[in-house]
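One file, data.txt, carrying compact mmCIF, C-alpha atoms:
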```txt
# COMPACT_ATOMS: atom_id res chain seq x y z
CA PHE W 164 -0.32 26.49 -20.64
CA THR W 165 -3.29 27.98 -22.47
CA HIS W 166 -3.65 25.30 -25.15
CA ASN W 167 -3.28 22.05 -23.23
CA CYS W 168 -5.49 19.18 -24.38
CA VAL W 169 -6.26 15.56 -23.54
CA THR W 170 -5.93 12.87 -26.19
CA THR W 171 -9.20 11.18 -25.19
CA SER W 172 -11.80 13.17 -23.27
CA LEU W 173 -13.09 10.50 -20.96
CA CYS W 174 -12.07 10.38 -17.33
CA TRP W 175 -10.74 6.86 -16.79
CA ILE W 176 -9.11 6.68 -20.24
CA SER W 177 -7.45 10.05 -19.74
CA ARG W 178 -6.31 9.14 -16.24
CA ALA W 179 -4.67 6.00 -17.60
CA THR W 180 -2.92 8.16 -20.21
CA LEU W 181 -1.69 10.58 -17.53
CA THR W 182 -0.17 7.78 -15.47
CA THR W 183 1.28 5.67 -18.27
CA GLY W 184 2.16 8.28 -20.88
CA GLN W 185 0.42 6.04 -23.41
CA TYR W 186 -2.45 6.52 -25.85
CA LEU W 187 -5.66 4.54 -25.43
CA SER W 188 -4.57 2.32 -28.31
CA ARG W 189 -1.70 1.06 -26.12
CA HIS W 190 -3.00 1.09 -22.54
CA LYS W 191 -6.41 -0.23 -23.74
CA GLN W 192 -8.45 0.96 -20.72
CA ILE W 193 -11.59 1.10 -22.88
CA LYS W 194 -14.22 0.12 -20.32
CA LEU W 195 -14.45 1.51 -16.82
CA LEU W 196 -14.83 -1.79 -14.97
CA ASN W 197 -12.21 -3.71 -16.92
CA PRO W 198 -8.96 -4.42 -15.08
CA LEU W 199 -6.26 -2.08 -16.32
CA SER W 200 -4.13 -4.65 -18.09
CA TYR W 201 -1.37 -2.17 -18.87
CA TYR W 202 -0.94 -1.46 -15.16
CA GLU W 203 -0.98 -5.13 -14.28
CA ASN W 204 1.53 -6.09 -16.96
CA ALA W 205 3.74 -3.01 -17.11
CA TRP W 206 3.25 -1.07 -13.88
CA ASN W 207 7.02 -0.73 -13.54
CA GLU W 208 6.94 1.55 -16.63
CA THR W 209 4.56 4.11 -15.09
CA TYR W 210 5.97 7.27 -13.55
CA PRO W 211 4.80 6.47 -9.97
CA ALA W 212 6.56 3.09 -10.15
CA LEU W 213 9.75 4.51 -11.63
CA LEU W 214 9.91 7.27 -9.00
CA ARG W 215 9.26 4.85 -6.15
CA ASP W 216 12.00 2.60 -7.50
CA ARG W 217 14.36 5.62 -7.25
CA GLY W 218 13.57 6.13 -3.58
CA TYR W 219 10.54 8.43 -3.74
CA TYR W 220 7.85 8.06 -1.09
CA THR W 221 4.68 7.88 -3.22
CA GLY W 222 1.02 8.57 -2.46
CA GLN W 223 -2.30 8.41 -4.31
CA VAL W 224 -5.24 10.31 -2.80
CA GLY W 225 -8.82 10.56 -4.07
CA LYS W 226 -10.26 9.21 -7.29
CA TRP W 227 -8.68 6.05 -8.71
CA GLN W 228 -11.78 4.65 -10.42
CA PHE W 229 -10.37 1.64 -12.24
CA HIS W 230 -11.48 -1.92 -11.54
CA THR W 231 -8.22 -2.81 -9.83
CA TYR W 232 -6.66 -0.53 -7.21
CA PRO W 233 -3.01 -1.62 -6.81
CA ARG W 234 -2.60 -0.23 -3.29
CA ASP W 235 0.63 -2.13 -2.76
CA LYS W 236 2.23 -0.12 -5.57
CA TRP W 237 2.25 3.09 -3.48
CA ASN W 238 3.53 3.82 0.00
CA PHE W 239 0.29 5.66 0.87
CA THR W 240 -3.26 5.45 -0.51
CA SER W 241 -6.71 6.72 0.46
CA ASP W 242 -10.04 5.12 -0.31
CA ASP W 243 -11.18 5.34 -3.93
CA GLU W 244 -13.24 8.53 -3.54
CA TYR W 245 -15.57 8.39 -6.51
CA GLY W 246 -19.29 8.93 -7.17
CA TRP W 247 -20.29 10.90 -4.07
CA HIS W 248 -20.18 14.42 -2.65
CA TRP W 249 -21.35 13.85 0.92
CA ARG W 250 -20.90 10.68 2.97
CA GLU W 251 -21.08 9.66 6.61
CA ILE W 252 -17.64 8.70 7.88
CA ALA W 253 -17.14 7.74 11.53
CA GLY W 254 -20.53 9.21 12.42
CA LYS W 255 -19.88 12.55 10.69
CA MET W 256 -21.02 13.88 7.32
CA VAL W 257 -17.90 14.60 5.26
CA HIS W 258 -17.61 16.26 1.84
CA VAL W 259 -15.48 14.47 -0.75
CA THR W 260 -13.22 17.50 -1.33
CA LYS W 261 -12.62 17.86 2.40
CA LYS W 262 -11.82 14.13 2.55
CA ASN W 263 -9.31 14.62 -0.28
CA GLU W 264 -7.70 17.47 1.67
CA LEU W 265 -7.52 15.52 4.94
CA ASP W 266 -5.93 12.52 3.24
CA ALA W 267 -3.42 14.69 1.38
CA MET W 268 -2.52 16.50 4.61
CA GLU W 269 -2.01 13.15 6.35
CA PHE W 270 0.42 12.14 3.62
CA LEU W 271 2.37 15.40 3.82
CA LYS W 272 2.56 15.37 7.62
CA THR W 273 3.51 11.68 8.01
CA ARG W 274 5.85 11.24 5.03
CA PRO W 275 9.51 10.47 5.80
CA LYS W 276 11.27 13.80 5.91
CA ASP W 277 14.53 12.34 4.59
CA SER W 278 13.05 11.05 1.30
CA PRO W 279 11.80 12.80 -1.85
CA PHE W 280 8.08 12.36 -2.37
CA LEU W 281 5.41 12.12 -5.04
CA LEU W 282 1.77 12.85 -4.20
CA THR W 283 -1.17 12.67 -6.61
CA VAL W 284 -4.33 14.37 -5.33
CA ALA W 285 -7.12 13.27 -7.67
CA PHE W 286 -10.19 15.35 -6.81
CA PHE W 287 -13.58 13.89 -7.65
CA ALA W 288 -15.22 17.33 -7.59
CA PRO W 289 -16.57 19.05 -9.53
CA HIS W 290 -17.77 15.88 -11.27
CA GLY W 291 -21.52 15.59 -10.79
CA VAL W 292 -23.22 12.74 -8.98
CA ASP W 293 -24.45 10.73 -11.96
CA GLY W 294 -28.18 10.17 -12.00
CA ASP W 295 -28.86 12.58 -9.12
CA PRO W 296 -31.22 15.39 -10.19
CA GLN W 297 -29.25 17.94 -8.15
CA GLN W 298 -25.90 16.87 -9.70
CA TYR W 299 -23.68 19.17 -7.61
CA TYR W 300 -23.52 19.41 -3.80
CA PRO W 301 -21.04 22.04 -2.53
CA GLN W 302 -19.84 22.34 1.03
CA ASN W 303 -22.13 24.35 3.31
CA GLU W 304 -19.70 27.24 3.70
CA SER W 305 -19.64 27.73 -0.08
CA LEU W 306 -23.37 28.13 -0.61
CA GLY W 307 -23.17 31.93 -0.36
CA LEU W 308 -20.65 32.19 -3.20
CA TYR W 309 -21.76 33.64 -6.56
CA ASN W 310 -25.29 34.49 -5.38
CA ASP W 311 -24.97 37.90 -7.04
CA VAL W 312 -23.57 36.51 -10.33
CA ASN W 313 -25.76 35.85 -13.35
CA PHE W 314 -24.56 33.09 -15.65
CA THR W 315 -25.50 32.95 -19.31
CA ILE W 316 -25.77 29.37 -20.55
CA PRO W 317 -23.93 28.37 -22.65
CA LEU W 318 -20.88 30.36 -21.69
CA ASN W 319 -19.93 30.98 -25.31
CA GLY W 320 -23.23 32.83 -25.82
CA ILE W 321 -24.31 30.81 -28.87
CA ASN W 322 -27.94 29.67 -28.94
CA MET W 323 -28.07 26.07 -27.72
CA ASP W 324 -30.92 24.99 -30.01
CA GLU W 325 -29.16 26.45 -33.03
CA SER W 326 -25.93 24.65 -32.12
CA TRP W 327 -27.72 21.36 -31.50
CA ASN W 328 -29.55 21.48 -34.81
CA ARG W 329 -26.27 21.88 -36.69
CA LEU W 330 -24.87 18.59 -35.36
CA PRO W 331 -24.88 15.40 -37.47
CA SER W 332 -28.01 13.25 -37.42
CA PHE W 333 -26.47 10.63 -35.13
CA PHE W 334 -26.61 13.20 -32.31
CA ASN W 335 -30.07 12.43 -30.98
CA GLU W 336 -31.95 12.69 -27.70
CA ILE W 337 -30.52 9.43 -26.35
CA ASN W 338 -26.95 10.70 -26.85
CA GLU W 339 -25.24 10.78 -23.43
CA GLY W 340 -24.18 14.41 -23.83
CA ARG W 341 -27.73 15.37 -24.72
CA LYS W 342 -29.20 13.44 -21.79
CA ARG W 343 -26.92 15.29 -19.41
CA TRP W 344 -27.86 18.59 -21.06
CA HIS W 345 -31.44 17.84 -20.05
CA TRP W 346 -30.27 17.00 -16.54
CA ARG W 347 -28.57 20.38 -16.16
CA TYR W 348 -29.38 23.05 -18.73
CA ASP W 349 -32.75 22.64 -20.43
CA GLU W 350 -34.39 25.28 -18.19
CA PRO W 351 -32.82 28.69 -17.38
CA ILE W 352 -33.39 28.57 -13.61
CA LYS W 353 -32.04 25.03 -13.40
CA ALA W 354 -29.05 25.94 -15.57
CA GLU W 355 -28.08 28.89 -13.38
CA LYS W 356 -28.35 26.80 -10.21
CA MET W 357 -26.19 24.07 -11.74
CA MET W 358 -23.49 26.50 -12.83
CA LYS W 359 -23.35 28.25 -9.47
CA ASN W 360 -22.95 24.96 -7.61
CA PHE W 361 -20.37 23.78 -10.16
CA TYR W 362 -18.28 26.92 -9.64
CA ARG W 363 -18.69 26.66 -5.87
CA MET W 364 -17.20 23.18 -6.00
CA GLU W 365 -14.38 24.34 -8.28
CA THR W 366 -13.62 27.10 -5.78
CA GLU W 367 -13.43 24.48 -3.03
CA VAL W 368 -10.83 22.55 -5.04
CA ASP W 369 -8.89 25.79 -5.54
CA LYS W 370 -9.00 26.50 -1.80
CA THR W 371 -7.78 22.99 -1.01
CA CYS W 372 -4.85 23.38 -3.40
CA GLY W 373 -4.00 26.61 -1.59
CA ASN W 374 -4.08 24.86 1.78
CA LEU W 375 -1.74 22.12 0.54
CA ILE W 376 0.68 24.72 -0.81
CA LYS W 377 0.60 26.46 2.58
CA GLU W 378 1.49 23.15 4.24
CA LEU W 379 4.43 22.67 1.89
CA SER W 380 5.57 26.19 2.80
CA ARG W 381 5.16 25.48 6.52
CA GLN W 382 7.36 22.41 6.13
CA GLY W 383 9.98 24.46 4.30
CA VAL W 384 9.84 22.39 1.11
CA LEU W 385 7.68 24.56 -1.17
CA ASN W 386 10.71 25.82 -3.07
CA LYS W 387 11.98 22.26 -3.48
CA THR W 388 8.70 20.90 -4.86
CA LEU W 389 7.43 20.68 -8.44
CA ILE W 390 3.65 21.29 -8.51
CA ILE W 391 1.48 20.37 -11.51
CA PHE W 392 -2.23 21.18 -11.71
CA THR W 393 -4.27 19.58 -14.48
CA THR W 394 -7.35 17.43 -15.05
CA ASP W 395 -8.52 14.44 -17.07
CA ASN W 396 -11.15 16.06 -19.28
CA GLY W 397 -13.00 19.27 -20.02
CA ASN W 398 -16.73 19.88 -19.86
CA SER W 399 -19.46 21.32 -22.06
CA HIS W 400 -21.86 23.60 -20.19
CA GLY W 401 -24.55 23.77 -22.84
CA GLU W 402 -22.26 24.50 -25.77
CA HIS W 403 -23.51 22.65 -28.87
CA GLY W 404 -26.63 21.75 -26.89
CA LEU W 405 -24.56 19.24 -24.90
CA ALA W 406 -23.25 18.64 -21.39
CA GLY W 407 -20.24 16.63 -20.29
CA LYS W 408 -17.21 15.43 -22.19
CA TRP W 409 -16.50 12.70 -24.83
CA PHE W 410 -16.53 14.82 -28.00
CA PRO W 411 -13.55 16.48 -29.75
CA TYR W 412 -14.73 20.03 -29.13
CA GLN W 413 -12.57 22.62 -27.37
CA GLU W 414 -14.87 22.59 -24.34
CA SER W 415 -14.27 18.87 -23.96
CA ILE W 416 -10.61 18.33 -24.82
CA ARG W 417 -8.97 21.57 -23.63
CA VAL W 418 -7.99 21.41 -19.97
CA PRO W 419 -5.95 23.41 -17.46
CA LEU W 420 -2.22 22.88 -17.08
CA VAL W 421 -0.39 24.98 -14.49
CA ILE W 422 3.18 24.16 -13.49
CA ARG W 423 5.11 25.68 -10.59
CA ASP W 424 8.75 24.72 -10.78
CA PRO W 425 11.07 26.47 -8.28
CA ARG W 426 13.95 26.02 -10.73
CA MET W 427 12.30 28.34 -13.27
CA PRO W 428 13.99 31.74 -13.69
CA SER W 429 12.20 34.54 -11.89
CA GLU W 430 11.17 36.27 -15.13
CA ALA W 431 9.18 33.14 -16.08
CA HIS W 432 7.08 33.19 -12.91
CA GLY W 433 3.40 33.90 -13.58
CA THR W 434 3.78 33.80 -17.36
CA THR W 435 1.63 31.91 -19.87
CA ASN W 436 2.65 29.63 -22.70
CA ASP W 437 0.45 29.38 -25.80
CA GLU W 438 2.12 26.35 -27.33
CA PHE W 439 0.03 23.24 -27.98
CA THR W 440 0.58 20.60 -25.28
CA LEU W 441 -0.94 17.18 -24.56
CA ASN W 442 -1.57 15.13 -21.44
CA ILE W 443 0.31 12.18 -22.95
CA ASP W 444 3.57 14.06 -22.34
CA LEU W 445 3.14 14.72 -18.62
CA ALA W 446 4.52 11.37 -17.45
CA SER W 447 7.71 11.98 -19.46
CA THR W 448 7.89 15.55 -18.18
CA ILE W 449 7.68 14.41 -14.55
CA LEU W 450 10.37 11.78 -15.03
CA SER W 451 12.65 14.25 -16.80
CA ALA W 452 12.20 16.80 -14.03
CA ALA W 453 13.23 14.15 -11.49
CA GLY W 454 16.23 13.08 -13.57
CA VAL W 455 14.85 9.56 -14.03
CA GLU W 456 15.50 7.66 -17.23
CA GLN W 457 12.35 6.88 -19.20
CA PRO W 458 11.29 3.56 -20.74
CA ALA W 459 12.16 3.20 -24.39
CA ARG W 460 8.44 3.06 -25.37
```
Final structure tokens representation of the file:
Amino acid sequence: FTHNCVTTSLCWISRATLTTGQYLSRHKQIKLLNPLSYYENAWNETYPALLRDRGYYTGQVGKWQFHTYPRDKWNFTSDDEYGWHWREIAGKMVHVTKKNELDAMEFLKTRPKDSPFLLTVAFFAPHGVDGDPQQYYPQNESLGLYNDVNFTIPLNGINMDESWNRLPSFFNEINEGRKRWHWRYDEPIKAEKMMKNFYRMETEVDKTCGNLIKELSRQGVLNKTLIIFTTDNGNSHGEHGLAGKWFPYQESIRVPLVIRDPRMPSEAHGTTNDEFTLNIDLASTILSAAGVEQPAR
């Protein structure tokens, strides 16, 4: 889907929308560290709860991020992998994307083979490590990628200073998007290093998705499994003189949406759809695909 957008381009708000199928005005997850009251009061209306209630074995792997992690609401959970790229685990340095892969593989290999299943793999990468001057730390085997590629920042080719000066006066140097622009893109050498490491980490996520698909194939269930790839927000890489998300620009609100449904006719495989779609509809789409009745609101 080439024109898929989020309704609010901020990670925890968008993630709440993905799970509940509700706008911010209803789920009210405004602040990161606030308990998610919608989950606590109406968890049974979310798609993971409705699928589990219909006999699905459910798992949540990777980034959860909210104040309250309702582990008892899934059959399988990992740690809340958020805010780091490398960490020592059991005496070994482990990358967050590799940890996501290992946890997802554990779910797939240990799940009951006589039950349908739902697995959410919520990658932290390629989110930067906030406040760290390096921002992005790929896995060691990825460091050789893109060495021969020259990136022009911003990717849309429009002069960053010119774009910044066109913004309203309330965009100033203490604006969060502008602060992160200084972290990443205010010098050409720094900007190119940031983009290469960002794309290296995106490639690692892509490789992990491929490995999970291979495991589904090995288990003989690939052609019985609906796969959805999307994310919670876009990212400005210097466009408008900004970095990050938050603002209602294409770079910020437009996000990937790829769906592999084995029930699709063969002529639809590998095609694109240019219709306008929103993340608020994914929960309903998942329930419909599973033949599960949706809540009235």
Atom-to-atom span, atom CA of W:Gly404 and atom CA of W:Met357, Å: 15.3 Å
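Near (-28.6, 12.7, -10.1), the residues that fall inside 12 Å on the basis of all atoms listed in the file are W:Gly246, W:Trp247, W:His248, W:His290, W:Gly291, W:Val292, W:Asp293, W:Gly294, W:Asp295, W:Pro296, W:Gln297, W:Gln298, W:Tyr299, W:Tyr300, W:Lys342, W:Arg343, W:His345, W:Trp346, W:Arg347, W:Met357.
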Straight-line distance linking atom CA of W:Thr283 with atom CA of W:Val224, stated in Å to one decimal: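 Result for atom CA of W:Thr283 versus atom CA of W:Val224: 6.1 Å, one decimal.
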Shell around W:Ile376 at 12 Å using only C-alpha atoms, local window under 3 positions removed, as a list in words: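 These residues fall inside the cut-off: Glu264, Ala267, Met268, Leu271, Asp369, Lys370, Thr371, Cys372, Gly373, Leu379, Ser380, Arg381, Gln382, Gly383, Val384, Leu385, Asn386, Lys387, Thr388, Leu389, Ile390, Ile391, Phe392 and Arg423 of chain W.
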Distance of atom CA of W:Glu414 from atom CA of W:Glu402, expressed in Å to one decimal place: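 Atom-to-atom, atom CA of W:Glu402 and atom CA of W:Glu414 are spaced 7.8 Å apart.
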For W:Asn310: contacts at 12 Å, only C-alpha atoms, fewer than 4 positions along chain excluded, given as a PyMOL selection string: chain W and resi 305-306+314+355-356+358-360+362-363
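Residue neighbourhood of stretch 438-444 of chain W, excluding near-sequence residues (fewer than 3 positions): W:His166, W:Asn167, W:Cys168, W:Val169, W:Thr170, W:Thr180, W:Leu181, W:Gly184, W:Gln185, W:Tyr186, W:Ser447, W:Thr448, at 7 Å, using all atoms listed in the file.
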Top pick for closest residue to W:Ile176, considering W:Ala212, W:Ala452, W:Ile193, W:Val257 and counting all atoms listed in the file: W:Ile193
Residues within 7 Å of W:Leu405, all atoms listed in the file, excluding chain neighbours under 3 positions, as a VMD selection string: chain W and resid 340 to 341 344 399 to 402
Residues from the last selection, C-alpha atoms, saved as a compact mmCIF listing (two decimals), in the coordinates of the input:
```txt
# COMPACT_ATOMS: atom_id res chain seq x y z
CA GLY W 340 -24.18 14.41 -23.83
CA ARG W 341 -27.73 15.37 -24.72
CA TRP W 344 -27.86 18.59 -21.06
CA SER W 399 -19.46 21.32 -22.06
CA HIS W 400 -21.86 23.60 -20.19
CA GLY W 401 -24.55 23.77 -22.84
CA GLU W 402 -22.26 24.50 -25.77
```
Pick from W:Ile337, W:Ala285, W:Ala205, W:Val368 nearest to W:Thr260, counting all atoms listed in the file: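 Comparing W:Ile337, W:Ala285, W:Ala205, W:Val368 against W:Thr260, the winner is W:Val368.
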Selected residue, from W:Ser332, W:Gln223, W:Gln228, W:Ser415, that lies nearest to W:Thr240 when counting all atoms listed in the file: W:Gln223
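In this comparison, which uses only C-alpha atoms, the residue of W:Tyr309, W:Phe239, W:Phe334, W:Trp327 approaching W:Gly222 most closely is W:Phe239.
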Residue with smallest distance to W:Gly397 - pool W:Ile422, W:Pro289, W:Glu244, W:Phe164, counting all atoms listed in the file: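 Of W:Ile422, W:Pro289, W:Glu244, W:Phe164, the one nearest W:Gly397 is W:Pro289, counting all atoms listed in the file.
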Who sits within 10 Å of W:Thr165, only C-alpha atoms, same chain under 5 positions skipped, as a list of chain:residue names: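 The residues satisfying every condition are W:Arg417, W:Val418, W:Pro419, W:Leu420, W:Val421, W:Thr435, W:Asn436, W:Asp437, W:Glu438, W:Phe439, W:Thr440.
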